[in-house]
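Only one structure is covered here, and it is reproduced in the block below.
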Amino acid sequence: MSENLHTRAQNLLAQLLVEGLGAAEQSWLDAHLHDCAACAGEAARTHGLLQAFRTVPVSVPRDLAARTQLRVRLRAQQSAPSSTSNALLWIVTTASWLLGVFSAPLVWRGFAWVGTQLNLPKPVLELGFVLWWTVPALLAVAVVLHQRAAGSVTAGNRP
Amino acid sequence: MSAQAFTLTVSRSPVLFTGLMTDDRQTLANGLRRRDPDALDRLIEQYQQRLYRYLLFLTGEPALAEDLFQETWIRVLERGHQYNAKSKFESWLFAIARNLVIDVSRRKKFRSLEELADPESNQPFEPPDDHAISALQMLVARENEQAVQLSLLKIPAYYREVLLLRFHEELGLEEIAAVLATPLSTVKSRLYRGLEALKSALPEGAA
């Protein structure tokens, strides 16, 4: 029997395990293994090898699952976002936004009155008006981000 | 020649059928997003054997595998919102575990594990370092001292890994590629070479 046939059979045996074979290749291989004791022996050896590989005994250490479950629960408690504080934050933010929208005309009138009294130029008034609204919001964002960053460090949260 | 014909098939072990269906995966994704501790408890129970075996095969050290087992589940908790229900949970889980192994190998400079982080298919065949293999050998030998099984542990970790994912976990080639974050061609190449390495590591006359 040609050496090439045996090589092809060995290659197909490997391909069968890794990628699978088409019907024609499978038929050819089956026929070859039927006639060739050496290749059939190699196929049996490979089969036995994989069986041995599949049956390598690995015992999970006792209580590993229970210990892990406990640790995961503790971590979940430590790093759980506070729903109460989150709800409060949303309420305060919404109230602040509504108050800001509805009080804007009054605040602008107040700025205009102060500008008139102090003879301030209009750009200064406008800048003051903008800062009046943005600075508190930016500070609030900074506080929230700081709290979240601190929470992540505490929880050991890795990116 | 009157040899008996052998037809090798990639048999599907029962563990395959414990995998999650698509609907289950969506439920699981929702649970992970909520950081539901009960859902995590069930997952830890369900996947303990497979995950521990994977980690033990990669690291070769039972104590390290235990630590990484726990760290993997902590990371599942922290990153549960990233799980996409379209993919298999076990693929995602193994990818997390693998990244942790690579992190540890970089910190501790384990030679055999470094091969996982930067595997090169043209590397010559080398057994893993003595310390790692001796620990794993001890574990295996305690339950079964068959030469065949010990010889399986002599092959490089990156071959052992793909063989485990393919023939133990029975993941598809694309799924293995996703776990390893490598091209499909690399996965195939490693599987072919891994099979060869496995045969070479076997004592004459065994299996």
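Chain labels follow the order of the structure tokens: the first chain is A, the next B, and so on; residue numbering restarts at 1 in every chain, and ligands are counted from 1 in their shown order.
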Can I get the residues of chain A within 7 Å of chain B, each with the closest pair of atoms and their distance in Å to one decimal, using only C-alpha atoms, sorted chain first then ascending number, as a tab-separated table?
```
residue	atom	partner	partner_atom	distance
A:Ala14	CA	B:Tyr192	CA	6.7
A:Leu17	CA	B:Val10	CA	6.1
A:Val18	CA	B:Leu191	CA	6.5
A:Asp30	CA	B:Thr7	CA	6.5
A:Leu33	CA	B:Ala5	CA	4.9
A:His34	CA	B:Ala5	CA	4.2
A:Asp35	CA	B:Met1	CA	5.9
A:Cys36	CA	B:Met1	CA	6.3
A:Ala37	CA	B:Ala3	CA	4.6
A:Ala40	CA	B:Ala5	CA	5.9
A:Ala43	CA	B:Phe6	CA	6.3
A:Ala44	CA	B:Phe6	CA	6.4
A:Arg45	CA	B:Ala207	CA	5.7
A:His47	CA	B:Leu8	CA	6.5
A:Gly48	CA	B:Ala207	CA	5.1
A:Leu49	CA	B:Ala207	CA	5.5
A:Ala52	CA	B:Gln149	CA	6.1
A:Phe53	CA	B:Gln149	CA	6.5
A:Arg54	CA	B:His168	CA	5.7
A:Val56	CA	B:Gln149	CA	6.0
A:Pro57	CA	B:Val140	CA	6.3
A:Val58	CA	B:Arg53	CA	6.3
A:Val60	CA	B:Gln49	CA	6.1
A:Ala65	CA	B:Ile44	CA	6.2
A:Thr68	CA	B:Gln70	CA	5.4
A:Gln69	CA	B:Asp41	CA	5.7
A:Val72	CA	B:Ile74	CA	5.7
A:Arg73	CA	B:Pro37	CA	6.1
A:Asn157	CA	B:Glu78	CA	6.6
```
- Message: List the spatial neighbours of Glu126 in chain A as number ranges by chain - criterion: any atom at most 12 Å away, only C-alpha atoms, same-chain residues fewer than 6 positions off excluded.
- Response: A: 107-112, 115, 120, 132-133
- Item | Nearest-residue call for Pro105 in chain A, choices A:Phe129, A:Ala23, A:Gln78, A:Gln51, using only C-alpha atoms |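 The shortest atom-to-atom distance to Pro105 in chain A comes from A:Phe129.
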- Item | For CA of Val144 in chain A and CA of Arg33 in chain B, the interatomic separation in Å (one decimal) | 21.6 Å
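In this model, the gap between CA of Gly20 in chain A and CA of Arg25 in chain B comes to 27.6 Å.
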- Message: Considering only C-alpha atoms, can you say which of B:Ser91, B:Ala85, B:Pro183, B:Lys108 comes closest to Leu165 in chain B?
- Response: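 Going through B:Ser91, B:Ala85, B:Pro183, B:Lys108 one by one, the smallest distance to Leu165 in chain B is for B:Ser91.
For the pair CA of Asn11 in chain A and CA of Ala24 in chain A, the separation is 14.7 Å.
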